[in-house]
$ cat my_file-v3.cif   # mmCIF, C-alpha atoms
data_coords
loop_
_atom_site.group_PDB
_atom_site.id
_atom_site.type_symbol
_atom_site.label_atom_id
_atom_site.label_comp_id
_atom_site.auth_asym_id
_atom_site.auth_seq_id
_atom_site.Cartn_x
_atom_site.Cartn_y
_atom_site.Cartn_z
ATOM 1 C CA MET A 316 42.934 -106.960 90.376
ATOM 2 C CA SER A 317 45.087 -108.621 87.713
ATOM 3 C CA SER A 318 42.431 -107.647 85.194
ATOM 4 C CA PHE A 319 42.839 -104.090 86.365
ATOM 5 C CA PHE A 320 46.495 -104.205 85.332
ATOM 6 C CA GLY A 321 46.074 -106.542 82.404
ATOM 7 C CA GLY A 322 43.352 -104.425 80.864
ATOM 8 C CA ASN A 323 45.524 -101.343 80.953
ATOM 9 C CA SER A 324 48.923 -102.521 79.905
ATOM 10 C CA SER A 325 48.217 -103.443 76.295
ATOM 11 C CA SER A 326 46.547 -100.165 75.421
ATOM 12 C CA ILE A 327 48.856 -97.996 77.508
ATOM 13 C CA ARG A 328 51.981 -98.076 75.350
ATOM 14 C CA GLN A 329 51.094 -96.081 72.274
ATOM 15 C CA SER A 330 48.906 -93.322 73.618
ATOM 16 C CA GLN A 331 49.722 -90.046 75.389
ATOM 17 C CA PRO A 332 50.804 -89.968 79.031
ATOM 18 C CA PRO A 333 48.161 -87.770 80.773
ATOM 19 C CA PRO A 334 45.024 -89.975 80.663
ATOM 20 C CA ASN A 335 47.054 -93.166 81.059
ATOM 21 C CA ASP A 336 49.018 -91.773 83.942
ATOM 22 C CA THR A 337 45.787 -91.256 85.790
ATOM 23 C CA GLN A 338 44.740 -94.822 85.127
ATOM 24 C CA ARG A 339 48.116 -96.220 86.091
ATOM 25 C CA LYS A 340 48.137 -94.116 89.206
ATOM 26 C CA GLU A 341 44.680 -95.332 90.172
ATOM 27 C CA ALA A 342 45.787 -98.918 89.572
ATOM 28 C CA VAL A 343 48.836 -98.527 91.805
ATOM 29 C CA MET A 344 46.719 -96.967 94.523
ATOM 30 C CA ALA A 345 44.096 -99.676 94.287
ATOM 31 C CA GLN A 346 46.734 -102.345 94.625
ATOM 32 C CA VAL A 347 48.437 -100.726 97.596
ATOM 33 C CA ARG A 348 45.090 -100.269 99.302
ATOM 34 C CA ALA A 349 44.218 -103.900 98.709
ATOM 35 C CA GLU A 350 47.567 -105.020 100.094
ATOM 36 C CA VAL A 351 47.228 -102.963 103.256
ATOM 37 C CA GLN A 352 43.701 -104.220 103.815
ATOM 38 C CA GLY A 353 44.651 -107.792 102.972
ATOM 39 C CA ALA A 354 47.540 -107.770 105.417
ATOM 40 C CA ASN A 355 45.267 -106.401 108.115
ATOM 41 C CA ALA A 356 42.608 -109.026 107.479
ATOM 42 C CA LYS A 357 45.192 -111.789 107.478
ATOM 43 C CA GLU A 358 46.671 -110.677 110.772
ATOM 44 C CA LEU A 359 43.227 -110.456 112.312
ATOM 45 C CA LEU A 360 42.369 -113.985 111.188
ATOM 46 C CA ASP A 361 45.711 -115.380 112.367
ATOM 47 C CA ASN A 362 45.264 -113.846 115.806
ATOM 48 C CA LEU A 363 41.621 -114.835 116.039
ATOM 49 C CA THR A 364 42.366 -118.435 115.101
ATOM 50 C CA GLU A 365 45.005 -118.720 117.782
ATOM 51 C CA LYS A 366 42.878 -117.090 120.496
ATOM 52 C CA CYS A 367 39.790 -119.121 119.697
ATOM 53 C CA TYR A 368 41.745 -122.330 119.421
ATOM 54 C CA LEU A 369 43.174 -121.756 122.870
ATOM 55 C CA LYS A 370 39.745 -120.866 124.276
ATOM 56 C CA CYS A 371 37.636 -123.525 122.602
ATOM 57 C CA ILE A 372 39.852 -126.556 122.103
ATOM 58 C CA PRO A 373 41.581 -127.050 125.449
ATOM 59 C CA LYS A 374 41.997 -130.786 124.859
ATOM 60 C CA PRO A 375 42.254 -131.634 121.161
ATOM 61 C CA GLY A 376 40.366 -134.847 120.415
ATOM 62 C CA THR A 377 40.368 -137.046 117.344
ATOM 63 C CA SER A 378 37.832 -134.751 115.666
ATOM 64 C CA MET A 379 36.222 -131.383 116.214
ATOM 65 C CA SER A 380 32.999 -131.672 118.228
ATOM 66 C CA SER A 381 29.888 -129.629 117.522
ATOM 67 C CA ALA A 382 30.267 -127.962 120.904
ATOM 68 C CA GLU A 383 33.741 -126.888 119.879
ATOM 69 C CA GLU A 384 32.416 -125.544 116.599
ATOM 70 C CA THR A 385 29.753 -123.549 118.415
ATOM 71 C CA CYS A 386 32.401 -122.165 120.718
ATOM 72 C CA VAL A 387 34.646 -121.155 117.813
ATOM 73 C CA SER A 388 31.743 -119.441 116.031
ATOM 74 C CA ARG A 389 30.911 -117.399 119.100
ATOM 75 C CA CYS A 390 34.536 -116.711 119.778
ATOM 76 C CA MET A 391 35.005 -115.345 116.248
ATOM 77 C CA ASP A 392 32.119 -112.924 116.716
ATOM 78 C CA LEU A 393 33.533 -111.827 120.034
ATOM 79 C CA TYR A 394 37.018 -111.342 118.668
ATOM 80 C CA PHE A 395 35.658 -109.112 115.903
ATOM 81 C CA GLN A 396 33.759 -107.178 118.535
ATOM 82 C CA ALA A 397 36.880 -106.860 120.649
ATOM 83 C CA PHE A 398 38.752 -105.577 117.607
ATOM 84 C CA ASN A 399 36.081 -102.950 116.977
ATOM 85 C CA ILE A 400 35.990 -101.866 120.609
ATOM 86 C CA THR A 401 39.772 -101.544 120.633
ATOM 87 C CA ALA A 402 39.852 -99.621 117.360
ATOM 88 C CA LYS A 403 37.184 -97.220 118.550
ATOM 89 C CA THR A 404 38.822 -96.666 121.933
ATOM 90 C CA TYR A 405 42.201 -96.051 120.320
ATOM 91 C CA ALA A 406 40.753 -93.639 117.763
ATOM 92 C CA THR A 407 38.926 -91.678 120.452
ATOM 93 C CA ARG A 408 42.074 -91.481 122.500
ATOM 94 C CA LEU A 409 44.267 -90.392 119.616
ATOM 95 C CA GLN A 410 41.851 -87.616 118.842
ATOM 96 C CA LYS A 411 41.826 -86.513 122.462
ATOM 97 C CA GLU A 412 45.610 -86.469 122.670
ATOM 98 C CA ARG A 413 45.816 -84.531 119.435
ATOM 99 C CA ILE A 414 43.477 -81.859 120.772
ATOM 100 C CA ALA A 415 45.408 -81.724 124.041
ATOM 101 C CA GLN A 416 48.631 -81.330 122.082
ATOM 102 C CA LYS A 417 47.154 -78.542 120.016
ATOM 103 C CA ASP A 418 45.965 -76.734 123.147
ATOM 104 C CA ALA A 419 49.370 -77.116 124.737
ATOM 105 C CA ASN A 420 51.051 -75.685 121.670
ATOM 106 C CA ALA A 421 48.624 -72.805 121.547
ATOM 107 C CA ALA A 422 49.149 -72.056 125.237
ATOM 108 C CA SER A 423 52.937 -72.110 124.954
ATOM 109 C CA SER A 424 52.900 -69.741 122.026
ATOM 110 C CA TYR A 425 51.421 -66.922 124.095
ATOM 111 C CA MET B 426 58.284 -101.325 81.953
ATOM 112 C CA ALA B 427 55.946 -98.366 81.620
ATOM 113 C CA ASP B 428 57.179 -94.783 81.584
ATOM 114 C CA LYS B 429 57.837 -92.861 84.748
ATOM 115 C CA PHE B 430 55.043 -90.839 86.280
ATOM 116 C CA ASP B 431 55.288 -87.079 85.952
ATOM 117 C CA GLU B 432 56.518 -85.137 88.920
ATOM 118 C CA ALA B 433 53.122 -84.126 90.263
ATOM 119 C CA THR B 434 51.885 -87.711 90.133
ATOM 120 C CA GLN B 435 55.029 -88.965 91.827
ATOM 121 C CA LYS B 436 54.465 -86.475 94.591
ATOM 122 C CA GLU B 437 50.856 -87.502 94.952
ATOM 123 C CA LEU B 438 51.802 -91.178 95.070
ATOM 124 C CA ALA B 439 54.507 -90.540 97.646
ATOM 125 C CA GLN B 440 51.955 -88.809 99.824
ATOM 126 C CA PHE B 441 49.464 -91.583 99.271
ATOM 127 C CA LEU B 442 52.040 -94.205 100.256
ATOM 128 C CA GLU B 443 52.925 -92.320 103.395
ATOM 129 C CA HIS B 444 49.252 -92.283 104.265
ATOM 130 C CA GLN B 445 48.896 -96.000 103.631
ATOM 131 C CA GLN B 446 51.957 -96.741 105.745
ATOM 132 C CA ALA B 447 50.483 -94.736 108.583
ATOM 133 C CA GLU B 448 47.286 -96.721 108.228
ATOM 134 C CA ALA B 449 49.223 -99.992 108.271
ATOM 135 C CA ARG B 450 50.978 -98.902 111.463
ATOM 136 C CA LEU B 451 47.650 -97.983 113.014
ATOM 137 C CA ASN B 452 46.234 -101.359 112.018
ATOM 138 C CA SER B 453 49.050 -103.267 113.623
ATOM 139 C CA GLN B 454 48.705 -101.213 116.819
ATOM 140 C CA ILE B 455 45.030 -102.123 116.967
ATOM 141 C CA GLN B 456 45.875 -105.781 116.364
ATOM 142 C CA LYS B 457 48.392 -105.703 119.173
ATOM 143 C CA PHE B 458 45.966 -104.074 121.592
ATOM 144 C CA THR B 459 43.176 -106.454 120.674
ATOM 145 C CA SER B 460 45.373 -109.486 121.252
ATOM 146 C CA MET B 461 46.817 -108.193 124.505
ATOM 147 C CA CYS B 462 43.500 -106.991 125.922
ATOM 148 C CA TRP B 463 41.704 -110.157 124.865
ATOM 149 C CA ASP B 464 44.160 -112.147 126.971
ATOM 150 C CA LYS B 465 43.718 -109.772 129.878
ATOM 151 C CA CYS B 466 39.956 -109.281 129.778
ATOM 152 C CA VAL B 467 38.273 -112.305 128.247
ATOM 153 C CA THR B 468 39.047 -114.724 131.015
ATOM 154 C CA GLY B 469 35.784 -116.675 131.272
ATOM 155 C CA SER B 470 34.372 -119.253 128.918
ATOM 156 C CA ILE B 471 32.987 -118.057 125.579
ATOM 157 C CA GLY B 472 29.324 -117.088 125.662
ATOM 158 C CA GLY B 473 27.078 -115.407 123.129
ATOM 159 C CA ARG B 474 28.224 -111.952 124.140
ATOM 160 C CA PHE B 475 30.696 -110.135 126.337
ATOM 161 C CA SER B 476 29.797 -109.618 129.936
ATOM 162 C CA ARG B 477 29.525 -105.997 130.989
ATOM 163 C CA GLY B 478 32.807 -106.331 132.856
ATOM 164 C CA GLU B 479 34.670 -107.759 129.899
ATOM 165 C CA GLU B 480 33.592 -104.982 127.616
ATOM 166 C CA SER B 481 34.602 -102.197 129.964
ATOM 167 C CA CYS B 482 37.826 -104.051 130.678
ATOM 168 C CA LEU B 483 38.679 -103.928 126.961
ATOM 169 C CA VAL B 484 38.156 -100.172 126.897
ATOM 170 C CA SER B 485 40.159 -99.585 130.054
ATOM 171 C CA CYS B 486 42.867 -101.926 128.856
ATOM 172 C CA VAL B 487 43.570 -99.761 125.809
ATOM 173 C CA ASP B 488 43.334 -96.487 127.707
ATOM 174 C CA ARG B 489 45.554 -97.603 130.568
ATOM 175 C CA PHE B 490 48.120 -99.012 128.179
ATOM 176 C CA LEU B 491 48.317 -95.629 126.487
ATOM 177 C CA ASP B 492 48.543 -93.916 129.891
ATOM 178 C CA THR B 493 51.413 -96.225 130.732
ATOM 179 C CA SER B 494 53.122 -95.467 127.459
ATOM 180 C CA LEU B 495 52.816 -91.694 127.990
ATOM 181 C CA PHE B 496 53.910 -92.002 131.587
ATOM 182 C CA VAL B 497 57.037 -93.940 130.679
ATOM 183 C CA VAL B 498 58.071 -91.324 128.146
ATOM 184 C CA LYS B 499 57.432 -88.529 130.639
ATOM 185 C CA ARG B 500 59.468 -90.289 133.326
ATOM 186 C CA ILE B 501 62.409 -90.788 131.009
ATOM 187 C CA GLU B 502 62.314 -87.160 129.951
ATOM 188 C CA GLU B 503 62.242 -86.004 133.561
ATOM 189 C CA GLN B 504 65.150 -88.218 134.452
ATOM 190 C CA GLN B 505 67.162 -86.800 131.629
ATOM 191 C CA GLY B 506 66.323 -83.298 132.807
ATOM 192 C CA LYS B 507 64.902 -82.547 129.440
ATOM 193 C CA PRO B 508 62.769 -79.395 129.386
ATOM 194 C CA PRO B 509 59.296 -79.853 127.953
ATOM 195 C CA ALA B 510 59.282 -79.276 124.230
#
$ encode --input "my_file-v3.cif" --output "structure tokens"
Amino acid sequence: MSSFFGGNSSSIRQSQPPPNDTQRKEAVMAQVRAEVQGANAKELLDNLTEKCYLKCIPKPGTSMSSAEETCVSRCMDLYFQAFNITAKTYATRLQKERIAQKDANAASSY
Amino acid sequence: MADKFDEATQKELAQFLEHQQAEARLNSQIQKFTSMCWDKCVTGSIGGRFSRGEESCLVSCVDRFLDTSLFVVKRIEEQQGKPPA
């Protein structure tokens, strides 16, 4: 992403605003998008690490055993699945509530 | 620093940012639900896949939490004698 900015900034100064504005705008958007996604991924990994640590390493030994590694691998897959199930359920529900709200508004306007 | 964006672009960016903020809020809700419902529903040892019960528990966990949230708001509104909007 730094190349995205770096590539633009030297050539941006002299020329006219319209085409550059579009590029600069796109660059800002790309960075914001990356930050939002990065923060989400980080939070997911933080949570997952804690949950799987609690599940798989009940008694920390002097090293991580292969059984513990297997458990963590499985746990990671399951946590991702749980995240997807939750996201889907929430999205479905939000949509349902939105439709219900719209119906209620329509009904009250009669 | 670079020049300011023109007005139309500023408007577009403001809208874009609002959108991204909404998405960030949605993300953190989903994170919260996942964490909470994991604790509630995934009680056994970790196998290769969820048991049928665990999976449906995750779904119900989210739905019932939202029911609870709606219920609480409704209760408070009733207690305050607030007419429905």
$ residues_around --input "my_file-v3.cif" --residues "region 457-462 of chain B" --least-positions-apart "4" --cutoff "9 Å" --atoms "only C-alpha atoms" --output "CSV table (one decimal) with C-alpha atoms, in the coordinates of the input"
chain,number,residue,atom,x,y,z
A,362,ASN,CA,45.3,-113.8,115.8
A,363,LEU,CA,41.6,-114.8,116.0
A,366,LYS,CA,42.9,-117.1,120.5
A,394,TYR,CA,37.0,-111.3,118.7
A,397,ALA,CA,36.9,-106.9,120.6
A,398,PHE,CA,38.8,-105.6,117.6
A,399,ASN,CA,36.1,-103.0,117.0
A,400,ILE,CA,36.0,-101.9,120.6
A,401,THR,CA,39.8,-101.5,120.6
A,402,ALA,CA,39.9,-99.6,117.4
A,405,TYR,CA,42.2,-96.1,120.3
B,452,ASN,CA,46.2,-101.4,112.0
B,453,SER,CA,49.0,-103.3,113.6
B,466,CYS,CA,40.0,-109.3,129.8
B,467,VAL,CA,38.3,-112.3,128.2
B,482,CYS,CA,37.8,-104.1,130.7
B,483,LEU,CA,38.7,-103.9,127.0
B,484,VAL,CA,38.2,-100.2,126.9
B,486,CYS,CA,42.9,-101.9,128.9
B,487,VAL,CA,43.6,-99.8,125.8
B,490,PHE,CA,48.1,-99.0,128.2
$ interface_residues --input "my_file-v3.cif" --of "chain A" --to "chain B" --cutoff "9 Å" --atoms "only C-alpha atoms" --output "ChimeraX atom specification"
/A:324,327-328,332-333,336-337,339-340,343-344,347-348,351-352,354-355,358-359,362-363,366,370-371,386-387,389-390,392-394,396-405,408
$ atom_distance --input "my_file-v3.cif" --atom1 "CA of Asp361 (chain A)" --atom2 "CA of Ser388 (chain A)"
15.0 Å
$ atom_distance --input "my_file-v3.cif" --atom1 "CA of Asn335 (chain A)" --atom2 "CA of Lys436 (chain B)"
16.8 Å
$ atom_distance --input "my_file-v3.cif" --atom1 "CA of Met379 (chain A)" --atom2 "CA of Gly353 (chain A)"
28.3 Å
